[in-house]
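J.: One file: my_file27.pdb (PDB, C-alpha atoms).
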```pdb
MODEL        1
ATOM      1  CA  MET A 197       0.000   0.000   0.000
ATOM      2  CA  ASN A 198       1.486   3.385  -0.953
ATOM      3  CA  ARG A 199       1.427   6.585   1.065
ATOM      4  CA  CYS A 200      -1.575   8.084  -0.760
ATOM      5  CA  ALA A 201      -3.683   4.970  -0.211
ATOM      6  CA  LYS A 202      -2.912   5.087   3.505
ATOM      7  CA  PHE A 203      -3.900   8.745   3.669
ATOM      8  CA  ALA A 204      -7.287   7.983   2.100
ATOM      9  CA  ARG A 205      -8.081   5.731   5.097
ATOM     10  CA  THR A 206      -7.237   8.250   7.813
ATOM     11  CA  ARG A 207     -10.731   9.678   8.291
ATOM     12  CA  CYS A 208     -11.794   6.223   9.537
ATOM     13  CA  LEU A 209      -9.160   6.222  12.309
ATOM     14  CA  ALA A 210      -9.457   7.491  15.865
ATOM     15  CA  VAL A 211      -7.594  10.704  16.647
ATOM     16  CA  THR A 212      -5.479  11.124  19.772
ATOM     17  CA  LEU A 213      -4.210  14.509  20.947
ATOM     18  CA  LEU A 214      -0.469  14.704  21.441
ATOM     19  CA  LEU A 215      -0.804  15.917  25.014
ATOM     20  CA  THR A 216      -3.417  17.223  27.349
ATOM     21  CA  ALA A 217      -2.600  18.773  30.684
ATOM     22  CA  GLY A 218      -1.661  16.139  33.237
ATOM     23  CA  GLY A 219      -1.139  13.418  30.633
ATOM     24  CA  ASN A 220       1.901  11.313  29.879
ATOM     25  CA  ALA A 221       4.594  12.732  27.578
ATOM     26  CA  HIS A 222       6.027  10.939  24.574
ATOM     27  CA  ALA A 223       8.227  12.337  21.801
ATOM     28  CA  LEU A 224      10.030  11.696  18.541
ATOM     29  CA  MET A 225      10.426   7.975  18.018
ATOM     30  CA  ALA A 226      13.394   5.982  16.747
ATOM     31  CA  GLY A 227      13.361   3.060  14.343
ATOM     32  CA  ASN A 228      14.556  -0.448  15.125
ATOM     33  CA  ALA A 229      17.997  -1.247  16.571
ATOM     34  CA  PRO A 230      20.747  -0.174  16.015
ATOM     35  CA  ASP A 231      18.820   3.102  15.902
ATOM     36  CA  SER A 232      17.888   4.343  19.377
ATOM     37  CA  PRO A 233      16.358   7.380  21.120
ATOM     38  CA  GLU A 234      19.861   8.458  22.171
ATOM     39  CA  GLN A 235      20.965   8.720  18.537
ATOM     40  CA  ARG A 236      18.097  11.131  17.808
ATOM     41  CA  ILE A 237      19.179  13.693  20.458
ATOM     42  CA  ASP A 238      20.262  17.140  19.267
ATOM     43  CA  ALA A 239      22.987  18.483  21.562
ATOM     44  CA  ASN A 240      22.217  21.727  23.383
ATOM     45  CA  THR A 241      24.898  23.774  21.650
ATOM     46  CA  THR A 242      24.808  27.371  20.433
ATOM     47  CA  SER A 243      25.628  26.183  16.891
ATOM     48  CA  SER A 244      22.655  23.832  16.488
ATOM     49  CA  PRO A 245      20.122  24.919  13.857
ATOM     50  CA  TRP A 246      17.418  24.157  16.444
ATOM     51  CA  THR A 247      18.396  26.657  19.154
ATOM     52  CA  GLY A 248      14.978  28.296  18.736
ATOM     53  CA  VAL A 249      13.078  25.097  19.509
ATOM     54  CA  GLY A 250      12.387  25.034  23.224
ATOM     55  CA  SER A 251      10.260  23.182  25.721
ATOM     56  CA  LEU A 252       7.155  24.680  27.264
ATOM     57  CA  SER A 253       6.400  23.968  30.902
ATOM     58  CA  VAL A 254       2.635  24.321  31.325
ATOM     59  CA  ASN A 255       0.987  23.476  34.644
ATOM     60  CA  GLY A 256       3.832  21.050  35.349
ATOM     61  CA  GLY A 257       3.721  19.271  31.967
ATOM     62  CA  THR A 258       6.394  19.252  29.258
ATOM     63  CA  PHE A 259       5.455  20.423  25.764
ATOM     64  CA  SER A 260       7.185  21.998  22.771
ATOM     65  CA  GLY A 261       7.300  25.426  21.134
ATOM     66  CA  VAL A 262       9.271  27.330  18.513
ATOM     67  CA  VAL A 263      10.526  30.915  18.419
ATOM     68  CA  ILE A 264       8.934  33.082  15.711
ATOM     69  CA  GLY A 265       9.841  36.498  17.114
ATOM     70  CA  PRO A 266      12.065  37.975  19.830
ATOM     71  CA  ARG A 267       9.198  37.639  22.327
ATOM     72  CA  HIS A 268       6.858  35.146  20.632
ATOM     73  CA  VAL A 269       6.618  31.357  20.549
ATOM     74  CA  LEU A 270       4.288  29.248  18.413
ATOM     75  CA  THR A 271       2.721  26.083  19.840
ATOM     76  CA  ALA A 272      -0.497  24.045  19.778
ATOM     77  CA  ALA A 273      -3.720  25.538  21.117
ATOM     78  CA  HIS A 274      -4.483  22.496  23.275
ATOM     79  CA  VAL A 275      -1.153  22.986  25.072
ATOM     80  CA  VAL A 276      -2.019  26.422  26.446
ATOM     81  CA  LYS A 277      -5.812  26.706  26.189
ATOM     82  CA  GLY A 278      -7.135  27.612  29.643
ATOM     83  CA  ALA A 279      -3.670  27.980  31.202
ATOM     84  CA  ALA A 280      -2.873  31.220  32.991
ATOM     85  CA  PRO A 281       0.249  32.954  31.602
ATOM     86  CA  GLU A 282       1.935  32.729  34.996
ATOM     87  CA  LYS A 283       1.712  28.914  34.730
ATOM     88  CA  ILE A 284       3.629  28.874  31.432
ATOM     89  CA  VAL A 285       7.435  28.988  31.090
ATOM     90  CA  PHE A 286       9.425  28.718  27.858
ATOM     91  CA  ASN A 287      12.711  26.849  28.326
ATOM     92  CA  LEU A 288      15.704  27.395  26.041
ATOM     93  CA  ASN A 289      18.653  25.025  25.921
ATOM     94  CA  TYR A 290      21.142  27.421  24.372
ATOM     95  CA  GLY A 291      24.613  26.099  25.067
ATOM     96  CA  ALA A 292      23.520  24.354  28.260
ATOM     97  CA  ASN A 293      20.575  22.444  29.680
ATOM     98  CA  LEU A 294      17.740  24.831  30.581
ATOM     99  CA  SER A 295      20.014  27.816  29.994
ATOM    100  CA  HIS A 296      17.124  30.286  29.918
ATOM    101  CA  ARG A 297      13.650  30.028  31.457
ATOM    102  CA  ILE A 298      11.353  32.827  30.278
ATOM    103  CA  PRO A 299       7.875  33.228  31.761
ATOM    104  CA  ALA A 300       4.897  33.963  29.514
ATOM    105  CA  SER A 301       3.067  37.273  29.662
ATOM    106  CA  ALA A 302       0.127  36.535  27.334
ATOM    107  CA  VAL A 303      -1.481  33.715  25.356
ATOM    108  CA  PHE A 304      -3.269  33.986  22.001
ATOM    109  CA  VAL A 305      -5.329  30.941  21.029
ATOM    110  CA  HIS A 306      -6.690  30.860  17.490
ATOM    111  CA  PRO A 307     -10.277  32.157  17.659
ATOM    112  CA  ASP A 308     -11.674  29.208  15.668
ATOM    113  CA  TYR A 309     -10.208  26.556  17.972
ATOM    114  CA  THR A 310     -13.059  24.822  19.787
ATOM    115  CA  GLY A 311     -11.261  21.877  21.395
ATOM    116  CA  PHE A 312     -10.584  18.251  20.644
ATOM    117  CA  ASP A 313     -12.833  16.389  18.197
ATOM    118  CA  LYS A 314     -12.445  12.652  18.784
ATOM    119  CA  HIS A 315     -14.107  11.855  15.456
ATOM    120  CA  ASP A 316     -11.805  13.836  13.177
ATOM    121  CA  ILE A 317      -8.654  15.916  12.927
ATOM    122  CA  THR A 318      -8.687  18.679  15.539
ATOM    123  CA  ARG A 319      -8.902  21.954  13.633
ATOM    124  CA  ASP A 320      -7.305  25.371  14.226
ATOM    125  CA  ASP A 321      -5.108  23.851  16.949
ATOM    126  CA  ILE A 322      -2.544  26.643  17.049
ATOM    127  CA  ALA A 323      -1.553  29.352  19.524
ATOM    128  CA  VAL A 324       1.024  32.073  20.123
ATOM    129  CA  VAL A 325       2.663  32.621  23.511
ATOM    130  CA  GLU A 326       4.030  36.090  24.215
ATOM    131  CA  LEU A 327       7.063  36.027  26.492
ATOM    132  CA  GLY A 328       7.828  38.384  29.337
ATOM    133  CA  ALA A 329      11.330  39.039  27.966
ATOM    134  CA  GLU A 330      13.144  38.666  24.668
ATOM    135  CA  VAL A 331      15.006  35.464  23.867
ATOM    136  CA  THR A 332      18.757  35.782  24.209
ATOM    137  CA  GLU A 333      20.718  37.117  21.247
ATOM    138  CA  GLY A 334      21.872  34.342  18.917
ATOM    139  CA  VAL A 335      18.848  32.071  19.417
ATOM    140  CA  ALA A 336      17.274  31.152  16.075
ATOM    141  CA  ILE A 337      14.077  32.970  15.083
ATOM    142  CA  TYR A 338      12.351  31.088  12.271
ATOM    143  CA  ASP A 339      10.521  32.550   9.304
ATOM    144  CA  LEU A 340       7.084  31.251   8.349
ATOM    145  CA  ASN A 341       6.513  29.177   5.240
ATOM    146  CA  THR A 342       3.531  30.709   3.438
ATOM    147  CA  ALA A 343       3.028  28.055   0.742
ATOM    148  CA  PRO A 344       1.376  24.731   1.699
ATOM    149  CA  PRO A 345       3.747  21.773   1.278
ATOM    150  CA  ARG A 346       2.959  19.286  -1.462
ATOM    151  CA  PRO A 347       2.671  15.538  -0.754
ATOM    152  CA  GLY A 348       6.125  13.949  -0.708
ATOM    153  CA  LEU A 349       7.863  17.031   0.695
ATOM    154  CA  ILE A 350      10.299  16.128   3.488
ATOM    155  CA  LEU A 351       9.604  17.584   6.924
ATOM    156  CA  THR A 352      12.181  17.810   9.705
ATOM    157  CA  LEU A 353      10.553  17.359  13.111
ATOM    158  CA  VAL A 354      12.122  18.665  16.331
ATOM    159  CA  GLY A 355      10.523  18.141  19.729
ATOM    160  CA  TYR A 356      10.767  17.373  23.437
ATOM    161  CA  GLY A 357       9.395  14.600  25.600
ATOM    162  CA  ALA A 358       9.840  10.848  25.925
ATOM    163  CA  SER A 359      10.912   8.503  23.134
ATOM    164  CA  GLY A 360      11.214   4.857  22.178
ATOM    165  CA  SER A 361      11.154   2.654  19.078
ATOM    166  CA  GLY A 362       8.690   1.943  16.319
ATOM    167  CA  THR A 363       8.194  -1.636  17.481
ATOM    168  CA  GLN A 364       8.207  -1.224  21.283
ATOM    169  CA  GLY A 365       6.586   2.171  21.629
ATOM    170  CA  VAL A 366       7.619   4.540  24.408
ATOM    171  CA  THR A 367      10.600   3.447  26.532
ATOM    172  CA  VAL A 368      12.317   6.704  27.591
ATOM    173  CA  GLY A 369      10.927   9.373  29.900
ATOM    174  CA  SER A 370      10.470  13.010  28.963
ATOM    175  CA  ASN A 371      12.952  15.753  29.767
ATOM    176  CA  PRO A 372      12.485  19.478  29.039
ATOM    177  CA  ALA A 373      16.225  19.733  28.326
ATOM    178  CA  VAL A 374      16.346  16.913  25.742
ATOM    179  CA  LYS A 375      15.202  17.534  22.188
ATOM    180  CA  ARG A 376      15.169  14.951  19.415
ATOM    181  CA  THR A 377      15.006  15.217  15.645
ATOM    182  CA  GLY A 378      13.901  13.087  12.722
ATOM    183  CA  LYS A 379      12.209  13.349   9.346
ATOM    184  CA  ASN A 380       9.041  12.283   7.618
ATOM    185  CA  ALA A 381       7.322  12.985   4.317
ATOM    186  CA  VAL A 382       3.989  14.707   3.811
ATOM    187  CA  ASP A 383       1.451  12.063   2.792
ATOM    188  CA  GLY A 384      -1.533  14.340   2.363
ATOM    189  CA  VAL A 385      -3.022  17.733   3.091
ATOM    190  CA  VAL A 386      -6.517  18.551   4.360
ATOM    191  CA  ALA A 387      -8.719  21.482   3.316
ATOM    192  CA  ASP A 388     -10.152  24.018   5.743
ATOM    193  CA  ASP A 389     -13.420  22.742   7.187
ATOM    194  CA  GLU A 390     -14.851  26.264   7.198
ATOM    195  CA  GLY A 391     -14.843  26.476   3.411
ATOM    196  CA  SER A 392     -12.101  29.051   2.869
ATOM    197  CA  GLY A 393     -10.428  26.865   0.251
ATOM    198  CA  ALA A 394      -7.116  26.985   2.109
ATOM    199  CA  LEU A 395      -5.208  23.827   3.001
ATOM    200  CA  GLU A 396      -5.297  23.591   6.789
ATOM    201  CA  ALA A 397      -3.606  20.382   8.011
ATOM    202  CA  TYR A 398      -0.992  17.827   6.955
ATOM    203  CA  LEU A 399      -0.464  14.127   7.673
ATOM    204  CA  TYR A 400       2.450  11.694   7.575
ATOM    205  CA  ASP A 401       2.824   8.023   8.468
ATOM    206  CA  PHE A 402       5.501   6.227  10.490
ATOM    207  CA  ASP A 403       6.935   3.620   8.144
ATOM    208  CA  GLY A 404       9.088   0.810   9.457
ATOM    209  CA  PRO A 405      12.324  -0.272   7.773
ATOM    210  CA  GLU A 406      10.668  -3.307   6.191
ATOM    211  CA  GLU A 407       7.652  -3.620   3.917
ATOM    212  CA  SER A 408       5.907  -5.845   6.454
ATOM    213  CA  ALA A 409       5.816  -2.955   8.922
ATOM    214  CA  ASN A 410       4.106  -0.431   6.666
ATOM    215  CA  GLY A 411       2.719  -2.175   3.606
ATOM    216  CA  GLY A 412       5.161  -0.686   1.150
ATOM    217  CA  PRO A 413       8.768   0.477   0.629
ATOM    218  CA  ALA A 414       8.005   4.153   1.284
ATOM    219  CA  THR A 415      10.181   4.600   4.381
ATOM    220  CA  LEU A 416      12.867   7.281   4.573
ATOM    221  CA  GLY A 417      15.078   4.799   6.383
ATOM    222  CA  ASN A 418      15.339   3.196   9.795
ATOM    223  CA  ASP A 419      17.638   5.903  11.201
ATOM    224  CA  ILE A 420      15.740   8.848   9.662
ATOM    225  CA  GLU A 421      11.988   8.321   9.675
ATOM    226  CA  THR A 422      10.142   9.345  12.830
ATOM    227  CA  THR A 423       6.758  10.306  14.181
ATOM    228  CA  VAL A 424       5.453  12.310  17.101
ATOM    229  CA  GLY A 425       3.854  11.185  20.310
ATOM    230  CA  ASN A 426       2.269  12.735  23.402
ATOM    231  CA  GLY A 427       4.990  15.334  24.340
ATOM    232  CA  ASP A 428       5.610  16.839  20.944
ATOM    233  CA  SER A 429       2.435  18.897  21.036
ATOM    234  CA  GLY A 430       3.394  22.279  19.621
ATOM    235  CA  SER A 431       6.648  21.007  18.109
ATOM    236  CA  PRO A 432       7.733  22.451  14.754
ATOM    237  CA  ALA A 433       7.864  20.820  11.333
ATOM    238  CA  PHE A 434      10.500  22.504   9.157
ATOM    239  CA  ILE A 435      11.282  22.471   5.448
ATOM    240  CA  ALA A 436      14.643  23.343   3.908
ATOM    241  CA  SER A 437      14.561  26.274   1.472
ATOM    242  CA  HIS A 438      17.593  27.892  -0.143
ATOM    243  CA  GLY A 439      19.937  27.117   2.722
ATOM    244  CA  ARG A 440      17.598  28.069   5.559
ATOM    245  CA  TRP A 441      14.877  26.432   7.628
ATOM    246  CA  LEU A 442      11.285  27.611   7.257
ATOM    247  CA  LEU A 443       8.546  26.759   9.728
ATOM    248  CA  ALA A 444       5.964  24.762   7.746
ATOM    249  CA  GLY A 445       3.780  23.275  10.477
ATOM    250  CA  ILE A 446       2.988  22.724  14.142
ATOM    251  CA  ASN A 447       2.554  19.071  15.145
ATOM    252  CA  THR A 448      -0.716  18.536  16.989
ATOM    253  CA  PHE A 449      -2.227  15.043  16.562
ATOM    254  CA  GLN A 450      -1.788  11.294  16.085
ATOM    255  CA  LEU A 451      -3.981   8.831  14.232
ATOM    256  CA  GLY A 452      -4.381   5.121  14.916
ATOM    257  CA  ALA A 453      -4.838   2.885  17.921
ATOM    258  CA  ASN A 454      -1.188   1.759  17.741
ATOM    259  CA  ALA A 455       0.297   5.284  17.817
ATOM    260  CA  PRO A 456       3.153   6.056  18.091
ATOM    261  CA  LYS A 457       4.393   2.690  16.740
ATOM    262  CA  PHE A 458       5.114   1.739  13.123
ATOM    263  CA  GLY A 459       2.036   2.071  10.958
ATOM    264  CA  SER A 460       0.526   4.986  12.864
ATOM    265  CA  LEU A 461       0.036   8.463  11.470
ATOM    266  CA  GLY A 462       0.626  11.965  12.748
ATOM    267  CA  GLY A 463       0.252  15.520  11.593
ATOM    268  CA  GLY A 464      -0.582  19.067  12.445
ATOM    269  CA  MET A 465      -1.565  22.551  11.383
ATOM    270  CA  LEU A 466      -0.109  24.144   8.254
ATOM    271  CA  ILE A 467       1.555  27.497   8.917
ATOM    272  CA  SER A 468       0.428  28.752   5.500
ATOM    273  CA  ALA A 469      -3.221  28.624   6.627
ATOM    274  CA  TYR A 470      -2.544  30.719   9.730
ATOM    275  CA  ALA A 471       0.275  33.035   8.636
ATOM    276  CA  GLU A 472      -1.938  36.135   8.432
ATOM    277  CA  TRP A 473      -3.313  35.549  11.933
ATOM    278  CA  ILE A 474       0.183  34.938  13.312
ATOM    279  CA  GLN A 475       1.586  38.071  11.678
ATOM    280  CA  GLY A 476      -1.271  40.084  13.163
ATOM    281  CA  ILE A 477      -0.056  39.093  16.625
ATOM    282  CA  LEU A 478       3.613  39.668  15.859
ATOM    283  CA  HIS A 479       2.909  43.051  14.266
ATOM    284  CA  PRO A 480      -0.390  44.427  15.609
ATOM    285  CA  PRO A 481      -1.800  47.510  13.889
ATOM    286  CA  ALA A 482      -0.958  50.820  15.491
ATOM    287  CA  LYS A 483      -3.559  52.132  17.875
ATOM    288  CA  VAL A 484      -5.377  55.281  16.778
ATOM    289  CA  ILE A 485      -5.911  57.729  19.633
ATOM    290  CA  THR A 486      -8.964  59.951  19.252
ATOM    291  CA  THR A 487     -10.114  62.899  21.331
ATOM    292  CA  ASN A 488     -13.249  64.957  21.580
ATOM    293  CA  HIS A 489     -11.344  68.031  22.690
ATOM    294  CA  LEU A 490     -11.059  70.789  20.123
ATOM    295  CA  PRO A 491      -7.909  72.917  20.006
ATOM    296  CA  ALA A 492      -8.042  76.125  21.967
ATOM    297  CA  ALA A 493      -9.036  79.247  20.038
ATOM    298  CA  PRO A 494      -6.115  81.530  19.113
TER     299      PRO A 494
ENDMDL
END
```
Show how you would write the structure in this file as structure tokens.
T.:
Amino acid sequence: MNRCAKFARTRCLAVTLLLTAGGNAHALMAGNAPDSPEQRIDANTTSSPWTGVGSLSVNGGTFSGVVIGPRHVLTAAHVVKGAAPEKIVFNLNYGANLSHRIPASAVFVHPDYTGFDKHDITRDDIAVVELGAEVTEGVAIYDLNTAPPRPGLILTLVGYGASGSGTQGVTVGSNPAVKRTGKNAVDGVVADDEGSGALEAYLYDFDGPEESANGGPATLGNDIETTVGNGDSGSPAFIASHGRWLLAGINTFQLGANAPKFGSLGGGMLISAYAEWIQGILHPPAKVITTNHLPAAP
């Protein structure tokens, strides 16, 4: 079975949110041995391309977020919906574990987000966290990709949480100072359910290294292909473009009763569908001050 055929079946699968407050945290998964969760770790150096991918501590849980402005982080709506700003901290690992811990000052949840729909993909699951201070100089600030990715485009996923293998599932606990990376390919895109005509969400599957694990030889390779699990809520999906990394999506959901093992699917919200809303928060229109007082007569 090829990737497109698998995607056609996804609306018949149960959807599981990546993390709800108080739940267990999972994260980017490894393939079979000799691949391992340890080999997927990105060191907390100042030279990593992922210095702007941090962990979000929300009401004691570990989540993920990505820097899109000096004082703004993008994440999933279900990560921060209902959480008071003083209960949210953005953790950077810039040259050291938990090098910077910046409290939130405000939260902007997309106005069309209505919560988890267990019968379908959760829509409009995206939010912006405004920080109480600017991120330290040198931390990566990522530009938004404004064109929806086509099926087959390679995504690089970066996130925090627990990990494990495609056959065993989760075996390693979460850690807000440990981020992992991997890749997957876009299998399909989903149109906006509100009829705008925009493409709103993307999906990918977690193929094993052998045909028996995924029904076809579509894998990116045992030491490359990955998927998300319950602690990568709000984690970024990047695409490479002309020597730089563009933020293409925010990972928000899993599909399939066996998630996050081989054969399951994952996905999230396309940045291109929400870029205008995001930019409106990053660059709000200037306030117009009016007065009813007339100037004094000469």
J.: Written as a PyMOL selection string, what is the full residue list that the PyMOL selection byres ((chain A and resi 232) around 12) yields on the file shown?
T.: chain A and resi 224-231+233-237+359-368+376-378+418-420+422
J.: Taking C-alpha atoms for each residue, export the selection above as a CSV table (one decimal), in the frame of the given file.
T.:
```
chain,number,residue,atom,x,y,z
A,224,LEU,CA,10.0,11.7,18.5
A,225,MET,CA,10.4,8.0,18.0
A,226,ALA,CA,13.4,6.0,16.7
A,227,GLY,CA,13.4,3.1,14.3
A,228,ASN,CA,14.6,-0.4,15.1
A,229,ALA,CA,18.0,-1.2,16.6
A,230,PRO,CA,20.7,-0.2,16.0
A,231,ASP,CA,18.8,3.1,15.9
A,233,PRO,CA,16.4,7.4,21.1
A,234,GLU,CA,19.9,8.5,22.2
A,235,GLN,CA,21.0,8.7,18.5
A,236,ARG,CA,18.1,11.1,17.8
A,237,ILE,CA,19.2,13.7,20.5
A,359,SER,CA,10.9,8.5,23.1
A,360,GLY,CA,11.2,4.9,22.2
A,361,SER,CA,11.2,2.7,19.1
A,362,GLY,CA,8.7,1.9,16.3
A,363,THR,CA,8.2,-1.6,17.5
A,364,GLN,CA,8.2,-1.2,21.3
A,365,GLY,CA,6.6,2.2,21.6
A,366,VAL,CA,7.6,4.5,24.4
A,367,THR,CA,10.6,3.4,26.5
A,368,VAL,CA,12.3,6.7,27.6
A,376,ARG,CA,15.2,15.0,19.4
A,377,THR,CA,15.0,15.2,15.6
A,378,GLY,CA,13.9,13.1,12.7
A,418,ASN,CA,15.3,3.2,9.8
A,419,ASP,CA,17.6,5.9,11.2
A,420,ILE,CA,15.7,8.8,9.7
A,422,THR,CA,10.1,9.3,12.8
```
J.: Rank nothing, just name the residue among A:Phe304, A:Phe312, A:Phe286, A:Phe458 nearest to Val263 (chain A), using only C-alpha atoms.
T.: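 Comparing A:Phe304, A:Phe312, A:Phe286, A:Phe458 against Val263 (chain A), the winner is A:Phe286.
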J.: Which is closest to Phe449 (chain A) among A:Ser468, A:Asn287, A:Gln475, A:Thr423, if we use only C-alpha atoms?
T.: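 Under the stated criterion, the closest residue is A:Thr423.
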J.: Which protein, DNA or RNA residues are at most 10 Å from (7.6, 34.0, 20.3) in the file's coordinates when you count all atoms listed in the file, listed as a count of residues only?
T.: 25
J.: Between A:Ser392, A:Thr352, A:Ser437, A:Ser460, which residue has the minimum interatomic distance to Lys379 (chain A), considering only C-alpha atoms?
T.: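 Residue with the minimum atom-to-atom distance to Lys379 (chain A): A:Thr352.
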J.: What is the CA of Gly278 (chain A)-CA of Ser431 (chain A) distance in Å, reported with one decimal?
T.: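 CA of Gly278 (chain A) sits 19.1 Å away from CA of Ser431 (chain A).
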J.: Where atoms are missing, can you supply N, CA and C atoms for region 445-462 of chain A and output the lot as a CSV table (one decimal), keeping the file's coordinate frame?
T.:
```
chain,number,residue,atom,x,y,z
A,445,GLY,N,4.9,23.8,9.8
A,445,GLY,CA,3.8,23.3,10.5
A,445,GLY,C,4.0,23.2,12.0
A,446,ILE,N,2.9,23.0,12.7
A,446,ILE,CA,3.0,22.7,14.1
A,446,ILE,C,2.3,21.4,14.4
A,447,ASN,N,3.1,20.4,14.9
A,447,ASN,CA,2.6,19.1,15.1
A,447,ASN,C,1.5,19.1,16.3
A,448,THR,N,0.4,18.5,16.0
A,448,THR,CA,-0.7,18.5,17.0
A,448,THR,C,-1.5,17.2,17.2
A,449,PHE,N,-1.4,16.2,16.4
A,449,PHE,CA,-2.2,15.0,16.6
A,449,PHE,C,-1.6,13.8,16.1
A,450,GLN,N,-2.1,12.6,16.5
A,450,GLN,CA,-1.8,11.3,16.1
A,450,GLN,C,-3.0,10.6,15.6
A,451,LEU,N,-2.9,9.6,14.7
A,451,LEU,CA,-4.0,8.8,14.2
A,451,LEU,C,-3.6,7.4,14.4
A,452,GLY,N,-4.6,6.6,14.8
A,452,GLY,CA,-4.4,5.1,14.9
A,452,GLY,C,-4.2,4.6,16.3
A,453,ALA,N,-4.8,3.5,16.6
A,453,ALA,CA,-4.8,2.9,17.9
A,453,ALA,C,-3.4,2.5,18.3
A,454,ASN,N,-2.5,2.2,17.4
A,454,ASN,CA,-1.2,1.8,17.7
A,454,ASN,C,-0.2,2.9,17.9
A,455,ALA,N,-0.6,4.1,17.7
A,455,ALA,CA,0.3,5.3,17.8
A,455,ALA,C,1.0,5.3,19.2
A,456,PRO,N,2.3,5.6,19.2
A,456,PRO,CA,3.2,6.1,18.1
A,456,PRO,C,4.1,5.0,17.5
A,457,LYS,N,3.6,3.8,17.3
A,457,LYS,CA,4.4,2.7,16.7
A,457,LYS,C,4.3,2.7,15.2
A,458,PHE,N,5.1,1.8,14.6
A,458,PHE,CA,5.1,1.7,13.1
A,458,PHE,C,3.7,1.5,12.6
A,459,GLY,N,3.4,2.2,11.5
A,459,GLY,CA,2.0,2.1,11.0
A,459,GLY,C,1.1,3.1,11.4
A,460,SER,N,1.4,3.9,12.4
A,460,SER,CA,0.5,5.0,12.9
A,460,SER,C,0.8,6.2,12.0
A,461,LEU,N,-0.1,7.2,12.2
A,461,LEU,CA,0.0,8.5,11.5
A,461,LEU,C,0.1,9.6,12.4
A,462,GLY,N,0.6,10.7,12.0
A,462,GLY,CA,0.6,12.0,12.7
A,462,GLY,C,0.5,13.2,11.8
```
